[in-house]
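The file final_35.pdb contains PDB, C-alpha atoms, pLDDT in the B column:
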```pdb
ATOM      1  CA  LEU A  86     -50.375 -38.927  52.898  1.00 90.00           C
ATOM      2  CA  ASP A  87     -53.337 -36.829  54.005  1.00 94.00           C
ATOM      3  CA  ALA A  88     -54.091 -39.224  56.868  1.00 93.00           C
ATOM      4  CA  LEU A  89     -50.453 -39.348  58.004  1.00 91.00           C
ATOM      5  CA  GLU A  90     -50.161 -35.570  57.910  1.00 95.00           C
ATOM      6  CA  ALA A  91     -53.435 -35.137  59.842  1.00 96.00           C
ATOM      7  CA  TYR A  92     -52.208 -37.615  62.470  1.00 95.00           C
ATOM      8  CA  LEU A  93     -48.919 -35.759  62.918  1.00 95.00           C
ATOM      9  CA  ARG A  94     -50.659 -32.369  62.939  1.00 97.00           C
ATOM     10  CA  ASP A  95     -52.922 -33.600  65.766  1.00 97.00           C
ATOM     11  CA  ALA A  96     -49.907 -34.893  67.712  1.00 96.00           C
ATOM     12  CA  ARG A  97     -48.030 -31.607  67.249  1.00 97.00           C
ATOM     13  CA  ASP A  98     -51.120 -29.586  68.266  1.00 97.00           C
ATOM     14  CA  THR A  99     -51.348 -31.709  71.414  1.00 97.00           C
ATOM     15  CA  VAL A 100     -47.709 -31.498  72.546  1.00 96.00           C
ATOM     16  CA  GLY A 101     -46.847 -28.064  71.116  1.00 96.00           C
ATOM     17  CA  TYR A 102     -43.475 -27.054  69.702  1.00 95.00           C
ATOM     18  CA  GLU A 103     -41.460 -27.044  72.934  1.00 94.00           C
ATOM     19  CA  ILE A 104     -41.435 -30.847  73.082  1.00 92.00           C
ATOM     20  CA  PRO A 105     -39.448 -32.769  70.457  1.00 92.00           C
ATOM     21  CA  LEU A 106     -41.607 -34.989  68.282  1.00 94.00           C
ATOM     22  CA  ALA A 107     -40.261 -37.894  66.251  1.00 94.00           C
ATOM     23  CA  ILE A 108     -41.860 -40.416  63.945  1.00 92.00           C
ATOM     24  CA  ASP A 109     -41.196 -44.013  65.018  1.00 87.00           C
ATOM     25  CA  HIS A 110     -40.571 -46.646  62.344  1.00 83.00           C
ATOM     26  CA  ILE A 111     -42.363 -45.390  59.254  1.00 83.00           C
ATOM     27  CA  GLY A 112     -42.045 -48.771  57.593  1.00 80.00           C
ATOM     28  CA  HIS A 113     -40.488 -49.253  54.241  1.00 84.00           C
ATOM     29  CA  ILE A 114     -42.159 -47.266  51.506  1.00 88.00           C
ATOM     30  CA  PRO A 115     -40.798 -46.251  48.094  1.00 94.00           C
ATOM     31  CA  LEU A 116     -38.251 -43.438  48.073  1.00 96.00           C
ATOM     32  CA  GLU A 117     -40.499 -41.105  46.076  1.00 96.00           C
ATOM     33  CA  ASP A 118     -43.298 -41.524  48.630  1.00 95.00           C
ATOM     34  CA  CYS A 119     -40.804 -40.888  51.445  1.00 95.00           C
ATOM     35  CA  VAL A 120     -39.832 -37.609  49.793  1.00 97.00           C
ATOM     36  CA  ARG A 121     -43.470 -36.554  49.396  1.00 97.00           C
ATOM     37  CA  LEU A 122     -44.259 -37.504  52.998  1.00 96.00           C
ATOM     38  CA  ALA A 123     -41.176 -35.800  54.455  1.00 96.00           C
ATOM     39  CA  ARG A 124     -41.904 -32.593  52.531  1.00 97.00           C
ATOM     40  CA  ARG A 125     -45.441 -32.523  53.931  1.00 97.00           C
ATOM     41  CA  LEU A 126     -44.259 -33.183  57.501  1.00 96.00           C
ATOM     42  CA  GLU A 127     -41.249 -30.850  57.492  1.00 96.00           C
ATOM     43  CA  LYS A 128     -43.340 -27.921  58.786  1.00 96.00           C
ATOM     44  CA  TYR A 129     -43.979 -29.820  62.055  1.00 97.00           C
ATOM     45  CA  ASN A 130     -40.302 -29.547  63.063  1.00 96.00           C
ATOM     46  CA  LEU A 131     -39.574 -33.235  63.525  1.00 96.00           C
ATOM     47  CA  ALA A 132     -36.749 -34.359  65.768  1.00 96.00           C
ATOM     48  CA  TRP A 133     -36.294 -37.268  63.350  1.00 96.00           C
ATOM     49  CA  MET A 134     -38.086 -39.604  60.957  1.00 96.00           C
ATOM     50  CA  GLU A 135     -37.201 -43.215  61.739  1.00 95.00           C
ATOM     51  CA  ASP A 136     -36.811 -46.070  59.276  1.00 95.00           C
ATOM     52  CA  PRO A 137     -38.607 -44.741  56.220  1.00 95.00           C
ATOM     53  CA  LEU A 138     -36.424 -47.000  54.043  1.00 95.00           C
ATOM     54  CA  PRO A 139     -34.595 -50.321  54.549  1.00 95.00           C
ATOM     55  CA  TRP A 140     -31.326 -49.519  56.344  1.00 95.00           C
ATOM     56  CA  PRO A 141     -29.010 -51.221  53.799  1.00 96.00           C
ATOM     57  CA  MET A 142     -30.070 -48.634  51.189  1.00 96.00           C
ATOM     58  CA  ALA A 143     -27.630 -45.883  52.181  1.00 97.00           C
ATOM     59  CA  ASP A 144     -27.863 -44.360  48.711  1.00 97.00           C
ATOM     60  CA  GLN A 145     -31.627 -43.915  49.074  1.00 97.00           C
ATOM     61  CA  TYR A 146     -31.221 -42.449  52.581  1.00 97.00           C
ATOM     62  CA  LEU A 147     -28.778 -39.934  51.122  1.00 98.00           C
ATOM     63  CA  ARG A 148     -31.181 -39.026  48.300  1.00 98.00           C
ATOM     64  CA  LEU A 149     -33.999 -38.540  50.839  1.00 98.00           C
ATOM     65  CA  ALA A 150     -31.781 -36.451  53.124  1.00 97.00           C
ATOM     66  CA  GLN A 151     -30.772 -34.243  50.207  1.00 98.00           C
ATOM     67  CA  ALA A 152     -34.372 -33.890  48.960  1.00 98.00           C
ATOM     68  CA  VAL A 153     -35.728 -32.834  52.368  1.00 97.00           C
ATOM     69  CA  PRO A 154     -32.833 -31.514  54.481  1.00 96.00           C
ATOM     70  CA  GLY A 155     -35.204 -30.148  57.135  1.00 96.00           C
ATOM     71  CA  VAL A 156     -36.244 -33.636  58.258  1.00 97.00           C
ATOM     72  CA  PRO A 157     -33.508 -35.524  60.160  1.00 97.00           C
ATOM     73  CA  LEU A 158     -33.417 -39.224  59.266  1.00 97.00           C
ATOM     74  CA  ALA A 159     -32.815 -42.066  61.711  1.00 97.00           C
ATOM     75  CA  THR A 160     -32.274 -45.808  61.478  1.00 97.00           C
ATOM     76  CA  GLY A 161     -30.419 -48.586  63.218  1.00 96.00           C
ATOM     77  CA  GLU A 162     -32.481 -50.766  65.543  1.00 95.00           C
ATOM     78  CA  ASP A 163     -31.965 -53.760  63.237  1.00 95.00           C
ATOM     79  CA  ILE A 164     -28.317 -53.140  62.346  1.00 97.00           C
ATOM     80  CA  TYR A 165     -25.676 -55.560  63.673  1.00 97.00           C
ATOM     81  CA  LEU A 166     -22.159 -54.323  64.537  1.00 97.00           C
ATOM     82  CA  LYS A 167     -20.571 -50.957  63.803  1.00 96.00           C
ATOM     83  CA  GLU A 168     -19.661 -52.120  60.309  1.00 97.00           C
ATOM     84  CA  GLY A 169     -23.384 -52.173  59.520  1.00 97.00           C
ATOM     85  CA  PHE A 170     -23.632 -48.460  60.361  1.00 98.00           C
ATOM     86  CA  GLN A 171     -20.502 -47.501  58.414  1.00 97.00           C
ATOM     87  CA  PRO A 172     -22.090 -47.034  54.939  1.00 97.00           C
ATOM     88  CA  LEU A 173     -24.833 -44.760  56.302  1.00 98.00           C
ATOM     89  CA  LEU A 174     -22.345 -42.696  58.286  1.00 98.00           C
ATOM     90  CA  ASP A 175     -19.773 -42.535  55.483  1.00 97.00           C
ATOM     91  CA  ALA A 176     -22.458 -41.283  53.086  1.00 96.00           C
ATOM     92  CA  ARG A 177     -23.662 -38.701  55.635  1.00 96.00           C
ATOM     93  CA  ALA A 178     -27.119 -40.140  54.923  1.00 97.00           C
ATOM     94  CA  VAL A 179     -28.564 -40.015  58.476  1.00 98.00           C
ATOM     95  CA  SER A 180     -28.700 -37.465  61.268  1.00 97.00           C
ATOM     96  CA  VAL A 181     -29.527 -39.968  64.008  1.00 98.00           C
ATOM     97  CA  ILE A 182     -28.481 -43.563  64.569  1.00 97.00           C
ATOM     98  CA  HIS A 183     -30.673 -45.762  66.691  1.00 95.00           C
ATOM     99  CA  PRO A 184     -28.955 -49.021  67.690  1.00 98.00           C
ATOM    100  CA  ASP A 185     -30.438 -51.570  70.064  1.00 97.00           C
ATOM    101  CA  VAL A 186     -27.904 -52.938  72.560  1.00 97.00           C
ATOM    102  CA  LEU A 187     -29.258 -56.475  72.181  1.00 95.00           C
ATOM    103  CA  THR A 188     -29.223 -56.561  68.373  1.00 95.00           C
ATOM    104  CA  ALA A 189     -26.211 -54.320  67.689  1.00 97.00           C
ATOM    105  CA  GLY A 190     -23.734 -56.638  69.392  1.00 97.00           C
ATOM    106  CA  GLY A 191     -23.843 -55.801  73.092  1.00 97.00           C
ATOM    107  CA  ILE A 192     -22.763 -53.007  75.410  1.00 97.00           C
ATOM    108  CA  LEU A 193     -19.218 -52.455  74.121  1.00 97.00           C
ATOM    109  CA  GLU A 194     -20.231 -52.677  70.463  1.00 98.00           C
ATOM    110  CA  THR A 195     -23.064 -50.184  70.967  1.00 98.00           C
ATOM    111  CA  HIS A 196     -20.627 -47.807  72.642  1.00 97.00           C
ATOM    112  CA  LYS A 197     -18.273 -48.197  69.657  1.00 98.00           C
ATOM    113  CA  ILE A 198     -21.197 -47.411  67.341  1.00 98.00           C
ATOM    114  CA  GLY A 199     -21.873 -44.245  69.338  1.00 98.00           C
ATOM    115  CA  ASP A 200     -18.224 -43.204  69.078  1.00 97.00           C
ATOM    116  CA  LEU A 201     -18.246 -43.849  65.329  1.00 97.00           C
ATOM    117  CA  ALA A 202     -21.382 -41.734  64.955  1.00 98.00           C
ATOM    118  CA  GLU A 203     -19.865 -38.964  67.065  1.00 97.00           C
ATOM    119  CA  ASP A 204     -16.851 -38.880  64.750  1.00 97.00           C
ATOM    120  CA  CYS A 205     -19.316 -38.234  61.913  1.00 97.00           C
ATOM    121  CA  GLY A 206     -21.299 -35.588  63.808  1.00 96.00           C
ATOM    122  CA  VAL A 207     -24.342 -37.849  64.168  1.00 98.00           C
ATOM    123  CA  GLN A 208     -26.579 -38.083  67.239  1.00 97.00           C
ATOM    124  CA  MET A 209     -27.164 -41.475  68.886  1.00 97.00           C
ATOM    125  CA  ASN A 210     -30.438 -42.610  70.376  1.00 97.00           C
ATOM    126  CA  ILE A 211     -30.888 -46.115  71.720  1.00 97.00           C
ATOM    127  CA  HIS A 212     -33.782 -48.399  70.831  1.00 95.00           C
ATOM    128  CA  MET A 213     -34.985 -50.562  73.716  1.00 92.00           C
ATOM    129  CA  ALA A 214     -38.140 -52.679  73.619  1.00 89.00           C
ATOM    130  CA  GLU A 215     -37.030 -55.415  75.969  1.00 89.00           C
ATOM    131  CA  SER A 216     -36.734 -56.202  79.684  1.00 89.00           C
ATOM    132  CA  PRO A 217     -35.471 -53.996  82.520  1.00 90.00           C
ATOM    133  CA  ILE A 218     -32.165 -55.892  82.220  1.00 92.00           C
ATOM    134  CA  ALA A 219     -31.744 -54.612  78.671  1.00 93.00           C
ATOM    135  CA  ALA A 220     -32.905 -51.172  79.796  1.00 93.00           C
ATOM    136  CA  LEU A 221     -30.116 -50.987  82.378  1.00 93.00           C
ATOM    137  CA  ALA A 222     -27.564 -52.159  79.796  1.00 96.00           C
ATOM    138  CA  ALA A 223     -28.781 -49.364  77.515  1.00 97.00           C
ATOM    139  CA  VAL A 224     -28.627 -46.838  80.374  1.00 96.00           C
ATOM    140  CA  HIS A 225     -24.977 -47.691  81.000  1.00 96.00           C
ATOM    141  CA  VAL A 226     -24.144 -47.321  77.288  1.00 97.00           C
ATOM    142  CA  ALA A 227     -26.010 -44.017  77.178  1.00 97.00           C
ATOM    143  CA  ALA A 228     -24.160 -42.678  80.202  1.00 96.00           C
ATOM    144  CA  ALA A 229     -20.829 -43.497  78.559  1.00 96.00           C
ATOM    145  CA  THR A 230     -21.645 -42.065  75.115  1.00 96.00           C
ATOM    146  CA  ARG A 231     -21.151 -38.338  74.535  1.00 95.00           C
ATOM    147  CA  ASN A 232     -23.497 -37.958  71.558  1.00 96.00           C
ATOM    148  CA  PHE A 233     -26.377 -39.813  73.238  1.00 97.00           C
ATOM    149  CA  MET A 234     -29.735 -38.019  73.195  1.00 95.00           C
ATOM    150  CA  ALA A 235     -32.658 -40.340  73.999  1.00 95.00           C
ATOM    151  CA  LEU A 236     -33.478 -43.886  75.095  1.00 95.00           C
ATOM    152  CA  GLU A 237     -36.643 -45.329  73.588  1.00 92.00           C
ATOM    153  CA  ILE A 238     -38.642 -47.375  76.089  1.00 89.00           C
ATOM    154  CA  HIS A 239     -41.745 -49.345  75.129  1.00 85.00           C
ATOM    155  CA  SER A 240     -42.778 -50.645  78.554  1.00 85.00           C
ATOM    156  CA  VAL A 241     -43.846 -47.564  80.480  1.00 78.00           C
ATOM    157  CA  ASP A 242     -47.470 -48.698  80.571  1.00 85.00           C
ATOM    158  CA  VAL A 243     -46.743 -52.269  81.730  1.00 89.00           C
ATOM    159  CA  PRO A 244     -47.322 -52.150  85.510  1.00 89.00           C
ATOM    160  CA  TRP A 245     -45.285 -55.293  86.322  1.00 91.00           C
ATOM    161  CA  TRP A 246     -42.297 -54.514  84.044  1.00 89.00           C
ATOM    162  CA  GLU A 247     -40.115 -53.128  86.868  1.00 88.00           C
ATOM    163  CA  ASP A 248     -40.893 -56.204  88.997  1.00 89.00           C
ATOM    164  CA  LEU A 249     -38.965 -58.485  86.625  1.00 89.00           C
ATOM    165  CA  VAL A 250     -35.739 -57.647  88.471  1.00 85.00           C
ATOM    166  CA  LYS A 251     -34.718 -56.764  92.018  1.00 86.00           C
ATOM    167  CA  GLY A 252     -32.681 -53.787  93.135  1.00 84.00           C
ATOM    168  CA  LEU A 253     -34.223 -51.097  90.916  1.00 81.00           C
ATOM    169  CA  PRO A 254     -35.483 -47.848  92.378  1.00 81.00           C
ATOM    170  CA  LYS A 255     -39.228 -47.377  91.992  1.00 85.00           C
ATOM    171  CA  PRO A 256     -40.204 -45.908  89.708  1.00 88.00           C
ATOM    172  CA  LEU A 257     -37.340 -46.794  87.388  1.00 87.00           C
ATOM    173  CA  ILE A 258     -38.366 -44.027  85.002  1.00 88.00           C
ATOM    174  CA  ASP A 259     -38.847 -40.832  87.020  1.00 90.00           C
ATOM    175  CA  HIS A 260     -39.997 -37.743  85.105  1.00 90.00           C
ATOM    176  CA  GLY A 261     -38.515 -39.150  81.898  1.00 89.00           C
ATOM    177  CA  PHE A 262     -35.132 -40.077  83.388  1.00 92.00           C
ATOM    178  CA  ILE A 263     -33.474 -43.271  84.616  1.00 92.00           C
ATOM    179  CA  LYS A 264     -30.805 -42.966  87.299  1.00 92.00           C
ATOM    180  CA  VAL A 265     -27.576 -44.723  86.334  1.00 93.00           C
ATOM    181  CA  PRO A 266     -26.971 -47.425  88.972  1.00 90.00           C
ATOM    182  CA  ASP A 267     -23.592 -47.459  90.673  1.00 89.00           C
ATOM    183  CA  ALA A 268     -23.764 -51.028  92.017  1.00 90.00           C
ATOM    184  CA  PRO A 269     -21.587 -53.719  90.369  1.00 91.00           C
ATOM    185  CA  GLY A 270     -22.540 -54.974  86.916  1.00 90.00           C
ATOM    186  CA  LEU A 271     -25.751 -53.486  85.598  1.00 91.00           C
ATOM    187  CA  GLY A 272     -26.758 -52.455  89.116  1.00 88.00           C
ATOM    188  CA  ILE A 273     -29.568 -54.961  89.547  1.00 86.00           C
TER     189      ILE A 273
END
```
Can the structure in the file be given as structure tokens, please?
Amino acid sequence: LDALEAYLRDARDTVGYEIPLAIDHIGHIPLEDCVRLARRLEKYNLAWMEDPLPWPMADQYLRLAQAVPGVPLATGEDIYLKEGFQPLLDARAVSVIHPDVLTAGGILETHKIGDLAEDCGVQMNIHMAESPIAALAAVHVAAATRNFMALEIHSVDVPWWEDLVKGLPKPLIDHGFIKVPDAPGLGI
């Protein structure tokens, strides 16, 4: 816990408090350790804490959320279909859902998941660690989803990533934003 707190403290000191800071995929650790960790990290004003517990354990997510209400919880990159999100949303156990268009069931299903989350007052981010094709699918879902906040991209440091498809503006990601294409299909 000391090492994790020191790591987050260093990150927060580097980016300051004007930039949102989230914890990506904690891994699955026991609920009691999640509570201890979240309590120690709460002072760093996290945007969310992702996947501290296995997503099917909605009851444990709820217990964690109630134990440390100042740390928003997120999960969802491994959940398939909106029905998979339903128990977490019904329990009011998460503040952020994080589906991946390719694992959640596609563009329409991810949009339905966003609408379901909006009905529950929950923010939607989109996980995306795939190709530029998947990125553009996620961009279109994001543009059509009112409670969308952020698109996670893992390829910003891969110099040839944008070259996998034709028809994209260069750079695809410009100052943290991706322009929604208006060409047919995904726009590529």
- Message: Excluding Leu193 of chain A and its own-chain neighbours fewer than 3 positions away, which residues fall within 12 Å of it when counting only C-alpha atoms? Please give them as a list in words.
- Response: Leu166, Lys167, Asp185, Val186, Leu187, Ala189, Gly190, His196, Lys197, Ile198, Gly199, Asp200, Ala222, Ala223, His225, Val226, Ala227, Ala229 and Thr230 of chain A
- Item | d(atom CA of Leu116 of chain A, atom CA of Asp175 of chain A) in Å | 19.9 Å
- Task: Using the chain letters and numbers from the file, give me the residues hit by the PyMOL selection byres ((chain A and resi 236) around 9), as a ChimeraX atom specification.
- Result: /A:210-213,220,223-224,227,233-235,237-238
Selection under test: the PyMOL selection byres ((chain A and resi 118-124) around 7); residues as an mmCIF file with C-alpha atoms, in the coordinates of the input:
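Result file expr.cif:
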```
data_model
loop_
_atom_site.group_PDB
_atom_site.id
_atom_site.type_symbol
_atom_site.label_atom_id
_atom_site.label_comp_id
_atom_site.auth_asym_id
_atom_site.auth_seq_id
_atom_site.Cartn_x
_atom_site.Cartn_y
_atom_site.Cartn_z
ATOM 1 C CA LEU A 86 -50.375 -38.927 52.898
ATOM 2 C CA ILE A 114 -42.159 -47.266 51.506
ATOM 3 C CA PRO A 115 -40.798 -46.251 48.094
ATOM 4 C CA LEU A 116 -38.251 -43.438 48.073
ATOM 5 C CA GLU A 117 -40.499 -41.105 46.076
ATOM 6 C CA ARG A 125 -45.441 -32.523 53.931
ATOM 7 C CA LEU A 126 -44.259 -33.183 57.501
ATOM 8 C CA GLU A 127 -41.249 -30.850 57.492
ATOM 9 C CA PRO A 137 -38.607 -44.741 56.220
ATOM 10 C CA LEU A 149 -33.999 -38.540 50.839
ATOM 11 C CA ALA A 152 -34.372 -33.890 48.960
ATOM 12 C CA VAL A 153 -35.728 -32.834 52.368
ATOM 13 C CA VAL A 156 -36.244 -33.636 58.258
#
```
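Going from atom CA of Thr188 of chain A to atom CA of Glu162 of chain A covers 7.2 Å.
Applied to the file shown here, the PyMOL selection byres ((chain A and resi 248-257) around 8) selects Ser216, Pro217, Ile218, Trp245, Trp246, Glu247, Ile258, Asp259, Ile263, Lys264, Gly272 and Ile273 of chain A.
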- Task: Might you pull out every residue within 9 Å of Gly112 of chain A, with only C-alpha atoms counted and same-chain residues fewer than 5 positions away left off, and present them as a PyMOL selection string?
- Result: chain A and resi 135-139
